[in-house]
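Next comes final_23.cif, a file with mmCIF, C-alpha atoms, pLDDT in the B column; chains and numbers go by the auth columns.
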```
data_structure
loop_
_atom_site.group_PDB
_atom_site.id
_atom_site.type_symbol
_atom_site.label_atom_id
_atom_site.label_comp_id
_atom_site.label_asym_id
_atom_site.label_seq_id
_atom_site.Cartn_x
_atom_site.Cartn_y
_atom_site.Cartn_z
_atom_site.B_iso_or_equiv
_atom_site.auth_seq_id
_atom_site.auth_asym_id
ATOM 1 C CA MET A 1 1.092 -7.814 -7.992 46.00 457 G
ATOM 2 C CA ASP A 2 4.635 -8.526 -6.935 50.00 458 G
ATOM 3 C CA PRO A 3 5.570 -5.520 -4.788 51.00 459 G
ATOM 4 C CA GLN A 4 9.255 -6.077 -5.470 47.00 460 G
ATOM 5 C CA ASN A 5 8.883 -5.889 -9.258 51.00 461 G
ATOM 6 C CA ARG A 6 5.963 -3.527 -9.736 59.00 462 G
ATOM 7 C CA LYS A 7 7.230 -0.138 -10.729 85.00 463 G
ATOM 8 C CA LYS A 8 4.449 0.954 -13.111 93.00 464 G
ATOM 9 C CA LEU A 9 1.740 3.050 -11.525 97.00 465 G
ATOM 10 C CA VAL A 10 -1.206 5.038 -12.750 97.00 466 G
ATOM 11 C CA ILE A 11 -2.406 7.958 -10.696 98.00 467 G
ATOM 12 C CA ALA A 12 -5.453 10.187 -10.993 98.00 468 G
ATOM 13 C CA ALA A 13 -7.288 12.783 -8.960 98.00 469 G
ATOM 14 C CA ASP A 14 -10.080 15.274 -9.167 97.00 470 G
ATOM 15 C CA HIS A 15 -9.646 18.914 -8.154 97.00 471 G
ATOM 16 C CA ALA A 16 -9.836 18.093 -4.440 97.00 472 G
ATOM 17 C CA GLY A 17 -7.035 15.554 -4.770 98.00 473 G
ATOM 18 C CA PHE A 18 -4.864 17.493 -7.211 98.00 474 G
ATOM 19 C CA ALA A 19 -2.311 18.828 -4.692 98.00 475 G
ATOM 20 C CA LEU A 20 -1.917 15.441 -2.992 98.00 476 G
ATOM 21 C CA LYS A 21 -1.557 13.753 -6.402 98.00 477 G
ATOM 22 C CA GLU A 22 1.275 16.117 -7.261 98.00 478 G
ATOM 23 C CA THR A 23 3.031 15.405 -3.942 98.00 479 G
ATOM 24 C CA LEU A 24 2.682 11.636 -4.338 98.00 480 G
ATOM 25 C CA THR A 25 3.743 11.674 -7.988 98.00 481 G
ATOM 26 C CA GLU A 26 6.940 13.558 -7.191 98.00 482 G
ATOM 27 C CA SER A 27 7.790 11.208 -4.324 98.00 483 G
ATOM 28 C CA LEU A 28 7.059 8.070 -6.341 97.00 484 G
ATOM 29 C CA ARG A 29 9.153 9.205 -9.302 96.00 485 G
ATOM 30 C CA LEU A 30 12.062 9.946 -6.967 96.00 486 G
ATOM 31 C CA GLN A 31 11.732 6.339 -5.726 95.00 487 G
ATOM 32 C CA GLY A 32 12.034 5.020 -9.285 94.00 488 G
ATOM 33 C CA TYR A 33 8.395 4.375 -10.086 96.00 489 G
ATOM 34 C CA GLU A 34 7.114 4.957 -13.606 95.00 490 G
ATOM 35 C CA VAL A 35 4.029 7.091 -12.952 97.00 491 G
ATOM 36 C CA ASP A 36 1.365 7.564 -15.615 97.00 492 G
ATOM 37 C CA ASP A 37 -0.519 10.709 -14.563 98.00 493 G
ATOM 38 C CA CYS A 38 -4.103 10.486 -15.815 97.00 494 G
ATOM 39 C CA GLY A 39 -5.108 13.924 -14.474 94.00 495 G
ATOM 40 C CA ALA A 40 -6.612 16.158 -13.325 96.00 496 G
ATOM 41 C CA PHE A 41 -3.913 18.620 -14.242 95.00 497 G
ATOM 42 C CA SER A 42 -5.080 21.559 -12.138 94.00 498 G
ATOM 43 C CA ALA A 43 -7.153 22.379 -9.076 93.00 499 G
ATOM 44 C CA ASN A 44 -10.021 23.588 -11.277 94.00 500 G
ATOM 45 C CA PRO A 45 -13.300 21.691 -10.775 92.00 501 G
ATOM 46 C CA ALA A 46 -12.944 18.215 -12.291 91.00 502 G
ATOM 47 C CA ASN A 47 -15.038 15.078 -12.633 92.00 503 G
ATOM 48 C CA TRP A 48 -13.651 12.354 -10.350 92.00 504 G
ATOM 49 C CA ALA A 49 -15.495 9.659 -12.311 95.00 505 G
ATOM 50 C CA GLU A 50 -13.802 10.593 -15.581 96.00 506 G
ATOM 51 C CA PHE A 51 -10.258 10.608 -14.223 97.00 507 G
ATOM 52 C CA GLY A 52 -10.806 7.588 -12.008 97.00 508 G
ATOM 53 C CA ALA A 53 -12.255 5.595 -14.907 97.00 509 G
ATOM 54 C CA LEU A 54 -9.293 6.419 -17.139 97.00 510 G
ATOM 55 C CA ALA A 55 -6.797 5.201 -14.536 97.00 511 G
ATOM 56 C CA ALA A 56 -8.830 2.125 -13.544 97.00 512 G
ATOM 57 C CA ALA A 57 -9.136 1.094 -17.199 97.00 513 G
ATOM 58 C CA LYS A 58 -5.348 1.092 -17.470 96.00 514 G
ATOM 59 C CA VAL A 59 -4.997 -1.142 -14.411 96.00 515 G
ATOM 60 C CA SER A 60 -7.787 -3.391 -15.686 95.00 516 G
ATOM 61 C CA ALA A 61 -5.979 -3.874 -18.999 95.00 517 G
ATOM 62 C CA ASP A 62 -2.706 -4.928 -17.304 91.00 518 G
ATOM 63 C CA PRO A 63 -3.433 -5.947 -13.683 84.00 519 G
ATOM 64 C CA GLU A 64 -0.263 -8.028 -13.311 85.00 520 G
ATOM 65 C CA ASN A 65 2.050 -5.121 -14.091 87.00 521 G
ATOM 66 C CA LYS A 66 0.252 -1.998 -12.970 91.00 522 G
ATOM 67 C CA ALA A 67 -1.173 -0.599 -9.776 96.00 523 G
ATOM 68 C CA GLY A 68 -3.170 2.564 -9.301 98.00 524 G
ATOM 69 C CA ILE A 69 -3.575 5.410 -6.852 98.00 525 G
ATOM 70 C CA LEU A 70 -6.783 7.436 -7.037 98.00 526 G
ATOM 71 C CA ILE A 71 -7.481 10.562 -5.020 98.00 527 G
ATOM 72 C CA CYS A 72 -10.592 12.641 -4.505 98.00 528 G
ATOM 73 C CA GLY A 73 -11.913 14.575 -1.535 97.00 529 G
ATOM 74 C CA SER A 74 -13.078 11.555 0.446 98.00 530 G
ATOM 75 C CA GLY A 75 -11.675 8.707 -1.655 98.00 531 G
ATOM 76 C CA ILE A 76 -15.159 7.199 -1.820 98.00 532 G
ATOM 77 C CA GLY A 77 -16.032 8.306 -5.350 97.00 533 G
ATOM 78 C CA MET A 78 -12.733 7.087 -6.751 98.00 534 G
ATOM 79 C CA SER A 79 -13.096 3.690 -5.073 98.00 535 G
ATOM 80 C CA ILE A 80 -16.607 3.341 -6.484 97.00 536 G
ATOM 81 C CA VAL A 81 -15.601 4.061 -10.070 98.00 537 G
ATOM 82 C CA ALA A 82 -12.472 1.894 -9.920 97.00 538 G
ATOM 83 C CA ASN A 83 -14.361 -1.142 -8.652 95.00 539 G
ATOM 84 C CA LYS A 84 -16.603 -1.055 -11.727 94.00 540 G
ATOM 85 C CA PHE A 85 -13.681 -2.414 -13.792 95.00 541 G
ATOM 86 C CA ARG A 86 -12.826 -6.109 -14.241 91.00 542 G
ATOM 87 C CA ASN A 87 -9.593 -7.175 -12.515 91.00 543 G
ATOM 88 C CA VAL A 88 -9.558 -4.054 -10.340 95.00 544 G
ATOM 89 C CA ARG A 89 -9.729 -4.348 -6.583 95.00 545 G
ATOM 90 C CA ALA A 90 -9.718 -0.817 -5.199 98.00 546 G
ATOM 91 C CA ALA A 91 -9.426 -0.200 -1.486 98.00 547 G
ATOM 92 C CA LEU A 92 -10.123 3.063 0.297 98.00 548 G
ATOM 93 C CA CYS A 93 -7.485 3.331 3.018 98.00 549 G
ATOM 94 C CA HIS A 94 -7.166 5.970 5.721 98.00 550 G
ATOM 95 C CA ASP A 95 -4.263 4.388 7.589 98.00 551 G
ATOM 96 C CA GLU A 96 -1.293 2.074 7.137 98.00 552 G
ATOM 97 C CA ASN A 97 -3.018 -0.952 8.672 98.00 553 G
ATOM 98 C CA ALA A 98 -5.874 -0.740 6.181 98.00 554 G
ATOM 99 C CA ALA A 99 -3.339 -0.519 3.341 98.00 555 G
ATOM 100 C CA ARG A 100 -1.465 -3.561 4.676 98.00 556 G
ATOM 101 C CA LEU A 101 -4.672 -5.602 4.927 97.00 557 G
ATOM 102 C CA ALA A 102 -5.922 -4.431 1.536 97.00 558 G
ATOM 103 C CA ARG A 103 -2.783 -5.853 -0.041 97.00 559 G
ATOM 104 C CA SER A 104 -2.110 -8.913 2.118 95.00 560 G
ATOM 105 C CA HIS A 105 -5.697 -10.192 2.331 95.00 561 G
ATOM 106 C CA ASN A 106 -7.455 -8.730 -0.712 91.00 562 G
ATOM 107 C CA ASN A 107 -4.628 -8.330 -3.235 95.00 563 G
ATOM 108 C CA ALA A 108 -5.901 -4.805 -3.879 96.00 564 G
ATOM 109 C CA ASN A 109 -4.247 -3.232 -6.897 96.00 565 G
ATOM 110 C CA VAL A 110 -5.727 0.247 -6.624 98.00 566 G
ATOM 111 C CA LEU A 111 -5.408 2.487 -3.585 98.00 567 G
ATOM 112 C CA ALA A 112 -8.063 5.162 -3.067 98.00 568 G
ATOM 113 C CA LEU A 113 -7.233 8.094 -0.827 98.00 569 G
ATOM 114 C CA GLY A 114 -9.240 11.014 0.536 98.00 570 G
ATOM 115 C CA ALA A 115 -7.307 14.259 0.286 98.00 571 G
ATOM 116 C CA ARG A 116 -9.732 15.965 2.665 98.00 572 G
ATOM 117 C CA VAL A 117 -9.465 13.102 5.156 97.00 573 G
ATOM 118 C CA ILE A 118 -5.729 12.451 5.539 97.00 574 G
ATOM 119 C CA ALA A 119 -2.633 14.618 5.589 98.00 575 G
ATOM 120 C CA ALA A 120 0.060 14.344 2.916 98.00 576 G
ATOM 121 C CA ASP A 121 2.615 12.805 5.308 98.00 577 G
ATOM 122 C CA SER A 122 0.115 10.085 6.246 98.00 578 G
ATOM 123 C CA ALA A 123 -0.727 9.500 2.589 98.00 579 G
ATOM 124 C CA LEU A 124 2.962 8.987 1.770 98.00 580 G
ATOM 125 C CA LYS A 125 3.212 6.317 4.477 98.00 581 G
ATOM 126 C CA ILE A 126 -0.011 4.615 3.352 98.00 582 G
ATOM 127 C CA VAL A 127 1.225 4.513 -0.248 98.00 583 G
ATOM 128 C CA ASP A 128 4.554 3.035 0.846 98.00 584 G
ATOM 129 C CA VAL A 129 2.846 0.253 2.811 98.00 585 G
ATOM 130 C CA PHE A 130 0.432 -0.433 -0.038 97.00 586 G
ATOM 131 C CA LEU A 131 3.215 -0.720 -2.612 97.00 587 G
ATOM 132 C CA THR A 132 5.541 -2.872 -0.494 95.00 588 G
ATOM 133 C CA THR A 133 3.109 -5.349 1.076 96.00 589 G
ATOM 134 C CA ALA A 134 2.797 -8.747 -0.589 95.00 590 G
ATOM 135 C CA PHE A 135 -0.421 -10.712 -1.055 91.00 591 G
ATOM 136 C CA GLU A 136 -0.584 -13.708 1.309 83.00 592 G
ATOM 137 C CA GLY A 137 -2.579 -15.983 -1.025 76.00 593 G
ATOM 138 C CA GLY A 138 -3.951 -19.188 0.520 78.00 594 G
ATOM 139 C CA ARG A 139 -7.432 -18.786 1.980 76.00 595 G
ATOM 140 C CA HIS A 140 -7.475 -15.218 0.680 72.00 596 G
ATOM 141 C CA GLN A 141 -6.928 -16.445 -2.891 69.00 597 G
ATOM 142 C CA GLN A 142 -9.987 -18.680 -2.549 74.00 598 G
ATOM 143 C CA ARG A 143 -12.103 -15.613 -1.837 79.00 599 G
ATOM 144 C CA LEU A 144 -10.699 -13.741 -4.810 77.00 600 G
ATOM 145 C CA ASP A 145 -11.329 -16.775 -7.024 72.00 601 G
ATOM 146 C CA TYR A 146 -14.962 -16.755 -5.886 76.00 602 G
ATOM 147 C CA LEU A 147 -15.194 -13.063 -6.715 75.00 603 G
ATOM 148 C CA SER A 148 -13.689 -13.584 -10.151 76.00 604 G
ATOM 149 C CA ASP A 149 -15.677 -16.709 -10.999 73.00 605 G
ATOM 150 C CA ASN A 150 -19.046 -15.713 -9.581 75.00 606 G
ATOM 151 C CA VAL A 151 -19.301 -11.949 -9.569 68.00 607 G
ATOM 152 C CA GLU A 152 -17.030 -10.579 -12.296 72.00 608 G
ATOM 153 C CA ASN A 153 -18.127 -13.331 -14.670 70.00 609 G
ATOM 154 C CA LYS A 154 -21.781 -12.704 -13.810 69.00 610 G
ATOM 155 C CA ASN A 155 -22.500 -16.224 -12.581 64.00 611 G
ATOM 156 C CA HIS A 156 -23.626 -14.868 -9.191 61.00 612 G
ATOM 157 C CA ARG A 157 -23.616 -18.252 -7.519 58.00 613 G
ATOM 158 C CA ILE A 158 -25.095 -17.834 -4.061 58.00 614 G
ATOM 159 C CA PRO A 159 -23.465 -20.121 -1.496 58.00 615 G
#
```

Could you rewrite the structure in this file as structure tokens?
Amino acid sequence: MDPQNRKKLVIAADHAGFALKETLTESLRLQGYEVDDCGAFSANPANWAEFGALAAAKVSADPENKAGILICGSGIGMSIVANKFRNVRAALCHDENAARLARSHNNANVLALGARVIAADSALKIVDVFLTTAFEGGRHQQRLDYLSDNVENKNHRIP
């Protein structure tokens, strides 16, 4: 993910994350991002797994050009469902430093947020750091290659 060129985002939330999703979507669109809103579309009870899976599938299908933001009450459920998809590296971040490390060391392409854990102003800052931090590569790429070759491809080579 090239943070300078990536302007396509998918976003999804359950009922607990609905209000934060709306705030983030508005801000991101004002910044020029193309935001594909995968729901939920109200604060009525919603299944985080369903909406998270829809968004993660879109990132999985085009991981070089899309990033995702998933929001539920804690962020945990959304990170779990997203990480079930090939080519998705979802990171649950509660602060800017975690977002910076998720991108620079892990090349995370999906950000999970907990709407009941962080305030909207903090979430906006975390999203900004996540979307503008570049992956460092090098020794970190070696770890991602291991993940791709041995876990995603089901080889499960134990060192």

So, counting all atoms listed in the file, which residue among G:Lys522, G:Ser516, G:Leu567, G:Leu603 is closest to G:Arg542?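 Going through G:Lys522, G:Ser516, G:Leu567, G:Leu603 one by one, the smallest distance to G:Arg542 is for G:Ser516.
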
Determine the residue set returned by the PyMOL selection byres ((chain G and resi 573) around 12) for the present structure, and present it as a ChimeraX atom specification. /G:472-473,476,527-532,548-551,568-572,574-576,578-579

Mind writing the picked residues with C-alpha atoms as a PDB file, in the frame of the given file?
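Listing of result-v3.pdb after writing:
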```pdb
ATOM      1  CA  ALA G 472      -9.836  18.093  -4.440  1.00 97.00           C
ATOM      2  CA  GLY G 473      -7.035  15.554  -4.770  1.00 98.00           C
ATOM      3  CA  LEU G 476      -1.917  15.441  -2.992  1.00 98.00           C
ATOM      4  CA  ILE G 527      -7.481  10.562  -5.020  1.00 98.00           C
ATOM      5  CA  CYS G 528     -10.592  12.641  -4.505  1.00 98.00           C
ATOM      6  CA  GLY G 529     -11.913  14.575  -1.535  1.00 97.00           C
ATOM      7  CA  SER G 530     -13.078  11.555   0.446  1.00 98.00           C
ATOM      8  CA  GLY G 531     -11.675   8.707  -1.655  1.00 98.00           C
ATOM      9  CA  ILE G 532     -15.159   7.199  -1.820  1.00 98.00           C
ATOM     10  CA  LEU G 548     -10.123   3.063   0.297  1.00 98.00           C
ATOM     11  CA  CYS G 549      -7.485   3.331   3.018  1.00 98.00           C
ATOM     12  CA  HIS G 550      -7.166   5.970   5.721  1.00 98.00           C
ATOM     13  CA  ASP G 551      -4.263   4.388   7.589  1.00 98.00           C
ATOM     14  CA  ALA G 568      -8.063   5.162  -3.067  1.00 98.00           C
ATOM     15  CA  LEU G 569      -7.233   8.094  -0.827  1.00 98.00           C
ATOM     16  CA  GLY G 570      -9.240  11.014   0.536  1.00 98.00           C
ATOM     17  CA  ALA G 571      -7.307  14.259   0.286  1.00 98.00           C
ATOM     18  CA  ARG G 572      -9.732  15.965   2.665  1.00 98.00           C
ATOM     19  CA  ILE G 574      -5.729  12.451   5.539  1.00 97.00           C
ATOM     20  CA  ALA G 575      -2.633  14.618   5.589  1.00 98.00           C
ATOM     21  CA  ALA G 576       0.060  14.344   2.916  1.00 98.00           C
ATOM     22  CA  SER G 578       0.115  10.085   6.246  1.00 98.00           C
ATOM     23  CA  ALA G 579      -0.727   9.500   2.589  1.00 98.00           C
TER      24      ALA G 579
END
```

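Considering the residues G:Ser498, G:Gln487, G:Asn565, G:Gln598 and counting only C-alpha atoms, G:Phe541 has its shortest atom-to-atom contact with G:Asn565.
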
Can you spell out as an MDAnalysis selection string the set of residues that the PyMOL selection byres ((chain G and resi 564) around 8) selects in the structure I just provided? chainID G and resid 544:547 558:559 562:563 565:567

Pick from G:Ala555, G:Glu608, G:His561, G:Asn500: nearest to G:Lys540, with only C-alpha atoms counted?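 Of all the options, G:Glu608 lies closest to G:Lys540.
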
For G:Lys477, please output as number ranges by chain all residues within 9 Å (counting only C-alpha atoms; exclusion window: fewer than 3 positions along the same chain). G: 467-469, 473-474, 480-482, 493, 495-496, 525-527, 571

Given only C-alpha atoms as the counted atoms, nearest of G:Gly488, G:Ala554, G:Phe586, G:Phe507 to G:Ala523: G:Phe586

Go ahead and compute the interatomic distance for atom CA of G:Val466 and atom CA of G:Glu490, in Å to one decimal.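 Answer for the atom CA of G:Val466 to atom CA of G:Glu490 separation: 8.4 Å.
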
One decimal, in Å: what's the spacing between atom CA of G:Ala538 and atom CA of G:Glu592?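 So the answer is 22.6 Å.
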
For a test of reading the model, state the distance in Å between atom CA of G:Ala513 and atom CA of G:Asp577, rounded to one decimal.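 Between atom CA of G:Ala513 and atom CA of G:Asp577 the gap is 28.0 Å.
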